[in-house]
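Trainee: I'd like to ask you about the structure that follows.
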Amino acid sequence: MSRSPGAAVGRPREFDTDDALDNAMRTFWQRGYEGSSLTDLTGAMGITKTSMYAAFGNKEQLFRKALDRYLQGPSAYEMEALREPTARAVAEGFLRGVLDTTTRPDSPQGCLTVQGALAASDGARPAHEILLKVRSEAGDRLAERFQRAVDEGDLPADADADGLARYIMTVVFGLAVQAANGVAREDLDRVVDATLHAWPM
């Protein structure tokens, strides 16, 4: 059973922090930041509010931890795609990866980084800003990878790396929203096929 830093020696927690964090991640993923109340979170995690605060901090701190878990787990396809040998394979890795993540029958539909920021009251502003940063950084990494493809001759010399990255990220987020709306995987695969058909090389 894992323990959070600072847990009293000799007094193990009465719950598995990894399982609790997984359940918090799924709750934020399904309901968004604002839509996830403390009651929703602690109920899903199987712990009390006191235990949650002791192990994970407040709601915003819990969200940050859950988001990190999402980025390293369900959304790890992004970093894997960047290691593909060609720009087209990178683009396909992003597009197929988001479909694999957002349409799995055993997980919430849609994308946590999109769903989590749909509403932004003053209380949710910190989470909203975190998600904006995450999405922006993903686009920046993709643009850098496409620029490398231009420099290496994998993409045409006049290819707009920034524009291509923004195009792919726009499709990725659109696919995530469509998945959250219940559009079938096979229909979304056709969108990916059409996007790749228009690829410059």
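Residue numbering restarts at 1 in every chain; chains get A, B, ... in the order shown in the structure tokens, and ligands count up from 1 in that same order.
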Pick out each residue of stretch 130-160 of chain A that DSSP on the backbone tags as alpha helix (DSSP H); I need them as a list in words.
Mentor: Ile130, Leu131, Leu132, Lys133, Val134, Arg135, Ser136, Glu137, Ala138, Gly139, Asp140, Arg141, Leu142, Ala143, Glu144, Arg145, Phe146, Gln147, Arg148, Ala149, Val150 and Asp151 of chain A
Trainee: What gap, in Å, lies between atom CA of A:Arg64 and atom CA of A:Glu129?
Mentor: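 Computing the Euclidean distance for atom CA of A:Arg64 and atom CA of A:Glu129 yields 11.4 Å.
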Trainee: Each residue of stretch 86-143 of chain A lying at most 8 Å from stretch 75-80 of chain A should get a row with its shortest atom-to-atom pair and the distance in Å to one decimal, counting only C-alpha atoms; could you produce that, ordered by chain and increasing number, as a tab-separated table?
Mentor:
```
residue	atom	partner	partner_atom	distance
A:Gly93	CA	A:Tyr77	CA	7.1
A:Phe94	CA	A:Glu78	CA	5.8
A:Gly97	CA	A:Tyr77	CA	5.4
A:Val98	CA	A:Ser75	CA	7.6
A:Thr101	CA	A:Ser75	CA	6.9
A:Ala138	CA	A:Glu78	CA	7.8
```
Trainee: Write out as a PyMOL selection string the residues lying within 12 Å of A:Asn181, counting only C-alpha atoms and excluding same-chain residues fewer than 2 positions away.
Mentor: chain A and resi 102-103+108-111+115+174-179+183-185+188
Trainee: So that I can check the surroundings of A:Asp162, please list as an MDAnalysis selection string every protein, DNA and RNA residue that reaches within 9 Å of it, counting only C-alpha atoms and ignoring chain neighbours fewer than 5 positions away.
Mentor: chainID A and resid 139:140 142:144 146:147 167
Trainee: Keeping only N, CA, C and O atoms, take the residues you just selected and write them out as a PDB file, in the first residue's frame.
Mentor:
```
ATOM      1  N   GLY A 139       0.681  21.695 -27.670  1.00  0.00           N
ATOM      2  CA  GLY A 139       0.767  22.265 -29.008  1.00  0.00           C
ATOM      3  C   GLY A 139       2.162  22.759 -29.338  1.00  0.00           C
ATOM      4  O   GLY A 139       2.646  22.595 -30.469  1.00  0.00           O
ATOM      5  N   ASP A 140       2.834  23.338 -28.355  1.00  0.00           N
ATOM      6  CA  ASP A 140       4.198  23.833 -28.570  1.00  0.00           C
ATOM      7  C   ASP A 140       5.146  22.675 -28.870  1.00  0.00           C
ATOM      8  O   ASP A 140       6.012  22.777 -29.755  1.00  0.00           O
ATOM      9  N   LEU A 142       4.376  19.828 -30.178  1.00  0.00           N
ATOM     10  CA  LEU A 142       4.059  19.312 -31.508  1.00  0.00           C
ATOM     11  C   LEU A 142       4.640  20.220 -32.593  1.00  0.00           C
ATOM     12  O   LEU A 142       5.193  19.732 -33.587  1.00  0.00           O
ATOM     13  N   ALA A 143       4.539  21.526 -32.407  1.00  0.00           N
ATOM     14  CA  ALA A 143       5.106  22.469 -33.377  1.00  0.00           C
ATOM     15  C   ALA A 143       6.624  22.305 -33.478  1.00  0.00           C
ATOM     16  O   ALA A 143       7.192  22.354 -34.578  1.00  0.00           O
ATOM     17  N   GLU A 144       7.283  22.119 -32.349  1.00  0.00           N
ATOM     18  CA  GLU A 144       8.732  21.908 -32.361  1.00  0.00           C
ATOM     19  C   GLU A 144       9.091  20.628 -33.117  1.00  0.00           C
ATOM     20  O   GLU A 144      10.075  20.593 -33.866  1.00  0.00           O
ATOM     21  N   PHE A 146       7.312  19.213 -35.518  1.00  0.00           N
ATOM     22  CA  PHE A 146       7.073  19.434 -36.947  1.00  0.00           C
ATOM     23  C   PHE A 146       8.152  20.329 -37.553  1.00  0.00           C
ATOM     24  O   PHE A 146       8.541  20.149 -38.711  1.00  0.00           O
ATOM     25  N   GLN A 147       8.642  21.289 -36.795  1.00  0.00           N
ATOM     26  CA  GLN A 147       9.727  22.129 -37.303  1.00  0.00           C
ATOM     27  C   GLN A 147      10.981  21.291 -37.521  1.00  0.00           C
ATOM     28  O   GLN A 147      11.714  21.492 -38.495  1.00  0.00           O
ATOM     29  N   TYR A 167      -3.456  22.856 -36.336  1.00  0.00           N
ATOM     30  CA  TYR A 167      -4.465  22.083 -37.066  1.00  0.00           C
ATOM     31  C   TYR A 167      -4.700  20.732 -36.388  1.00  0.00           C
ATOM     32  O   TYR A 167      -5.846  20.356 -36.100  1.00  0.00           O
TER      33      TYR A 167
END
```
Trainee: Excluding A:Ala87 and any residue of its chain fewer than 5 positions from it, enumerate the residues within 12 Å of it, using only C-alpha atoms, and give them as a PyMOL selection string.
Mentor: chain A and resi 81-82+92-94+142-156+159+161+164-165+168+196+199-201
Trainee: Filtering to N, CA, C and O atoms, could you give me those residues as a short mmCIF file (atom, residue, chain, number, x, y, z; two decimals), in the first residue's frame?
Mentor:
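New file again.cif:
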```cif
data_model
loop_
_atom_site.label_atom_id
_atom_site.label_comp_id
_atom_site.auth_asym_id
_atom_site.auth_seq_id
_atom_site.Cartn_x
_atom_site.Cartn_y
_atom_site.Cartn_z
N ALA A 81 3.76 9.61 -29.24
CA ALA A 81 3.62 10.01 -30.64
C ALA A 81 4.77 10.89 -31.09
O ALA A 81 5.23 10.79 -32.23
N LEU A 82 5.25 11.75 -30.22
CA LEU A 82 6.34 12.66 -30.58
C LEU A 82 7.62 11.91 -30.93
O LEU A 82 8.50 12.46 -31.59
N GLU A 92 -0.55 11.04 -36.80
CA GLU A 92 -1.47 9.90 -36.65
C GLU A 92 -1.45 9.39 -35.21
O GLU A 92 -2.49 8.99 -34.67
N GLY A 93 -0.27 9.42 -34.57
CA GLY A 93 -0.18 8.98 -33.19
C GLY A 93 -1.04 9.84 -32.27
O GLY A 93 -1.69 9.33 -31.35
N PHE A 94 -1.05 11.15 -32.51
CA PHE A 94 -1.90 12.05 -31.73
C PHE A 94 -3.37 11.74 -31.98
O PHE A 94 -4.17 11.63 -31.04
N LEU A 142 4.38 19.83 -30.18
CA LEU A 142 4.06 19.31 -31.51
C LEU A 142 4.64 20.22 -32.59
O LEU A 142 5.19 19.73 -33.59
N ALA A 143 4.54 21.53 -32.41
CA ALA A 143 5.11 22.47 -33.38
C ALA A 143 6.62 22.30 -33.48
O ALA A 143 7.19 22.35 -34.58
N GLU A 144 7.28 22.12 -32.35
CA GLU A 144 8.73 21.91 -32.36
C GLU A 144 9.09 20.63 -33.12
O GLU A 144 10.07 20.59 -33.87
N ARG A 145 8.29 19.58 -32.92
CA ARG A 145 8.55 18.32 -33.62
C ARG A 145 8.34 18.48 -35.12
O ARG A 145 9.13 17.95 -35.93
N PHE A 146 7.31 19.21 -35.52
CA PHE A 146 7.07 19.43 -36.95
C PHE A 146 8.15 20.33 -37.55
O PHE A 146 8.54 20.15 -38.71
N GLN A 147 8.64 21.29 -36.79
CA GLN A 147 9.73 22.13 -37.30
C GLN A 147 10.98 21.29 -37.52
O GLN A 147 11.71 21.49 -38.49
N ARG A 148 11.23 20.35 -36.64
CA ARG A 148 12.36 19.44 -36.82
C ARG A 148 12.18 18.64 -38.11
O ARG A 148 13.14 18.40 -38.86
N ALA A 149 10.93 18.23 -38.38
CA ALA A 149 10.65 17.49 -39.60
C ALA A 149 10.93 18.34 -40.83
O ALA A 149 11.43 17.84 -41.85
N VAL A 150 10.61 19.63 -40.74
CA VAL A 150 10.93 20.55 -41.85
C VAL A 150 12.44 20.65 -42.03
O VAL A 150 12.96 20.54 -43.15
N ASP A 151 13.15 20.84 -40.94
CA ASP A 151 14.61 20.99 -40.99
C ASP A 151 15.29 19.74 -41.54
O ASP A 151 16.32 19.83 -42.21
N GLU A 152 14.69 18.57 -41.27
CA GLU A 152 15.29 17.29 -41.70
C GLU A 152 14.80 16.86 -43.08
O GLU A 152 15.25 15.83 -43.60
N GLY A 153 13.89 17.63 -43.68
CA GLY A 153 13.39 17.29 -45.01
C GLY A 153 12.24 16.30 -45.01
O GLY A 153 11.81 15.85 -46.08
N ASP A 154 11.73 15.98 -43.84
CA ASP A 154 10.59 15.07 -43.75
C ASP A 154 9.30 15.78 -44.14
O ASP A 154 8.36 15.15 -44.62
N LEU A 155 9.26 17.08 -43.94
CA LEU A 155 8.16 17.93 -44.40
C LEU A 155 8.72 18.93 -45.41
O LEU A 155 9.92 19.26 -45.36
N PRO A 156 7.88 19.43 -46.33
CA PRO A 156 8.36 20.41 -47.32
C PRO A 156 8.98 21.62 -46.64
O PRO A 156 8.60 22.01 -45.53
N ALA A 159 6.60 24.20 -45.40
CA ALA A 159 5.53 23.78 -44.50
C ALA A 159 5.48 24.67 -43.26
O ALA A 159 6.52 25.08 -42.73
N ALA A 161 5.04 24.75 -39.71
CA ALA A 161 5.04 23.83 -38.56
C ALA A 161 4.04 24.26 -37.49
O ALA A 161 3.31 23.43 -36.94
N LEU A 164 0.49 23.59 -38.81
CA LEU A 164 0.17 22.17 -38.81
C LEU A 164 -0.11 21.67 -37.39
O LEU A 164 -1.03 20.88 -37.17
N ALA A 165 0.69 22.14 -36.45
CA ALA A 165 0.49 21.74 -35.05
C ALA A 165 -0.87 22.22 -34.55
O ALA A 165 -1.61 21.47 -33.89
N ILE A 168 -3.62 20.01 -36.10
CA ILE A 168 -3.75 18.70 -35.47
C ILE A 168 -4.36 18.82 -34.08
O ILE A 168 -5.25 18.04 -33.70
N LEU A 196 -5.67 12.82 -42.22
CA LEU A 196 -4.39 12.31 -42.72
C LEU A 196 -4.32 12.34 -44.24
O LEU A 196 -3.24 12.48 -44.81
N TRP A 199 -2.71 15.38 -45.43
CA TRP A 199 -1.35 15.66 -44.94
C TRP A 199 -0.44 16.05 -46.09
O TRP A 199 -0.53 15.51 -47.19
N PRO A 200 0.47 17.03 -45.87
CA PRO A 200 1.30 17.56 -46.98
C PRO A 200 2.26 16.58 -47.61
O PRO A 200 2.73 16.80 -48.72
N MET A 201 2.63 15.51 -46.93
CA MET A 201 3.53 14.51 -47.53
C MET A 201 3.08 13.13 -47.12
O MET A 201 2.54 12.94 -46.07
#
```
Trainee: Near A:Thr42, within 9 Å and counting only C-alpha atoms, which residues show up once chain neighbours fewer than 6 positions away are dropped, as an MDAnalysis selection string?
Mentor: chainID A and resid 20 24 48:49 51:52
Trainee: Would you output that residue set with N, CA and C atoms, as a short mmCIF file (atom, residue, chain, number, x, y, z; two decimals), in the first residue's frame?
Mentor:
```cif
data_model
loop_
_atom_site.label_atom_id
_atom_site.label_comp_id
_atom_site.auth_asym_id
_atom_site.auth_seq_id
_atom_site.Cartn_x
_atom_site.Cartn_y
_atom_site.Cartn_z
N ALA A 20 -7.12 5.51 -4.73
CA ALA A 20 -7.91 6.71 -4.44
C ALA A 20 -7.65 7.79 -5.49
N ALA A 24 -10.17 9.58 -8.15
CA ALA A 24 -10.31 11.03 -8.24
C ALA A 24 -10.11 11.48 -9.69
N THR A 48 -12.75 9.81 3.75
CA THR A 48 -13.38 10.99 4.33
C THR A 48 -12.70 12.25 3.83
N LYS A 49 -13.35 13.39 4.02
CA LYS A 49 -12.73 14.66 3.63
C LYS A 49 -11.45 14.89 4.42
N SER A 51 -9.37 12.66 5.53
CA SER A 51 -8.32 11.82 4.94
C SER A 51 -7.86 12.39 3.60
N MET A 52 -8.80 12.94 2.83
CA MET A 52 -8.42 13.52 1.54
C MET A 52 -7.47 14.68 1.73
#
```
Trainee: Please provide the set of residues having any atom within 9 Å of A:Asp22, restricted to only C-alpha atoms, with same-chain residues fewer than 2 positions apart removed, written as a list in words.
Mentor: Thr17, Asp18, Asp19, Ala20, Ala24, Met25, Arg26, Thr27, Met45, Ala66, Arg69 and Tyr70 of chain A
Trainee: Take the selection from the previous step and output its residues with N, CA, C and O atoms, as a PDB file, in the first residue's frame.
Mentor:
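The result, written out as part_10.pdb:
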```
ATOM      1  N   THR A  17      -3.565   4.843  -1.610  1.00  0.00           N
ATOM      2  CA  THR A  17      -3.548   6.188  -2.200  1.00  0.00           C
ATOM      3  C   THR A  17      -3.538   6.146  -3.726  1.00  0.00           C
ATOM      4  O   THR A  17      -4.086   7.042  -4.371  1.00  0.00           O
ATOM      5  N   ASP A  18      -2.929   5.113  -4.308  1.00  0.00           N
ATOM      6  CA  ASP A  18      -2.922   5.004  -5.770  1.00  0.00           C
ATOM      7  C   ASP A  18      -4.344   4.773  -6.297  1.00  0.00           C
ATOM      8  O   ASP A  18      -4.770   5.416  -7.262  1.00  0.00           O
ATOM      9  N   ASP A  19      -5.062   3.857  -5.661  1.00  0.00           N
ATOM     10  CA  ASP A  19      -6.448   3.604  -6.077  1.00  0.00           C
ATOM     11  C   ASP A  19      -7.314   4.843  -5.861  1.00  0.00           C
ATOM     12  O   ASP A  19      -8.161   5.182  -6.706  1.00  0.00           O
ATOM     13  N   ALA A  20      -7.118   5.513  -4.734  1.00  0.00           N
ATOM     14  CA  ALA A  20      -7.907   6.711  -4.443  1.00  0.00           C
ATOM     15  C   ALA A  20      -7.647   7.792  -5.488  1.00  0.00           C
ATOM     16  O   ALA A  20      -8.578   8.454  -5.968  1.00  0.00           O
ATOM     17  N   ALA A  24     -10.171   9.579  -8.154  1.00  0.00           N
ATOM     18  CA  ALA A  24     -10.310  11.033  -8.245  1.00  0.00           C
ATOM     19  C   ALA A  24     -10.109  11.480  -9.692  1.00  0.00           C
ATOM     20  O   ALA A  24     -10.858  12.326 -10.202  1.00  0.00           O
ATOM     21  N   MET A  25      -9.106  10.909 -10.359  1.00  0.00           N
ATOM     22  CA  MET A  25      -8.853  11.239 -11.761  1.00  0.00           C
ATOM     23  C   MET A  25     -10.080  10.935 -12.614  1.00  0.00           C
ATOM     24  O   MET A  25     -10.501  11.763 -13.439  1.00  0.00           O
ATOM     25  N   ARG A  26     -10.671   9.786 -12.416  1.00  0.00           N
ATOM     26  CA  ARG A  26     -11.838   9.412 -13.202  1.00  0.00           C
ATOM     27  C   ARG A  26     -13.025  10.324 -12.919  1.00  0.00           C
ATOM     28  O   ARG A  26     -13.815  10.631 -13.821  1.00  0.00           O
ATOM     29  N   THR A  27     -13.151  10.784 -11.681  1.00  0.00           N
ATOM     30  CA  THR A  27     -14.238  11.690 -11.332  1.00  0.00           C
ATOM     31  C   THR A  27     -14.058  13.040 -12.019  1.00  0.00           C
ATOM     32  O   THR A  27     -15.006  13.585 -12.612  1.00  0.00           O
ATOM     33  N   MET A  45     -13.461   8.054  -4.024  1.00  0.00           N
ATOM     34  CA  MET A  45     -12.178   7.632  -3.479  1.00  0.00           C
ATOM     35  C   MET A  45     -12.340   6.696  -2.283  1.00  0.00           C
ATOM     36  O   MET A  45     -11.388   6.024  -1.873  1.00  0.00           O
ATOM     37  N   ALA A  66      -4.234  14.497  -9.791  1.00  0.00           N
ATOM     38  CA  ALA A  66      -5.034  13.657 -10.683  1.00  0.00           C
ATOM     39  C   ALA A  66      -4.695  13.958 -12.148  1.00  0.00           C
ATOM     40  O   ALA A  66      -4.635  13.043 -12.984  1.00  0.00           O
ATOM     41  N   ARG A  69      -1.508  12.318 -13.105  1.00  0.00           N
ATOM     42  CA  ARG A  69      -1.745  10.884 -13.314  1.00  0.00           C
ATOM     43  C   ARG A  69      -2.371  10.649 -14.685  1.00  0.00           C
ATOM     44  O   ARG A  69      -2.046   9.673 -15.368  1.00  0.00           O
ATOM     45  N   TYR A  70      -3.267  11.508 -15.090  1.00  0.00           N
ATOM     46  CA  TYR A  70      -3.905  11.395 -16.399  1.00  0.00           C
ATOM     47  C   TYR A  70      -2.879  11.574 -17.523  1.00  0.00           C
ATOM     48  O   TYR A  70      -2.863  10.812 -18.496  1.00  0.00           O
TER      49      TYR A  70
END
```
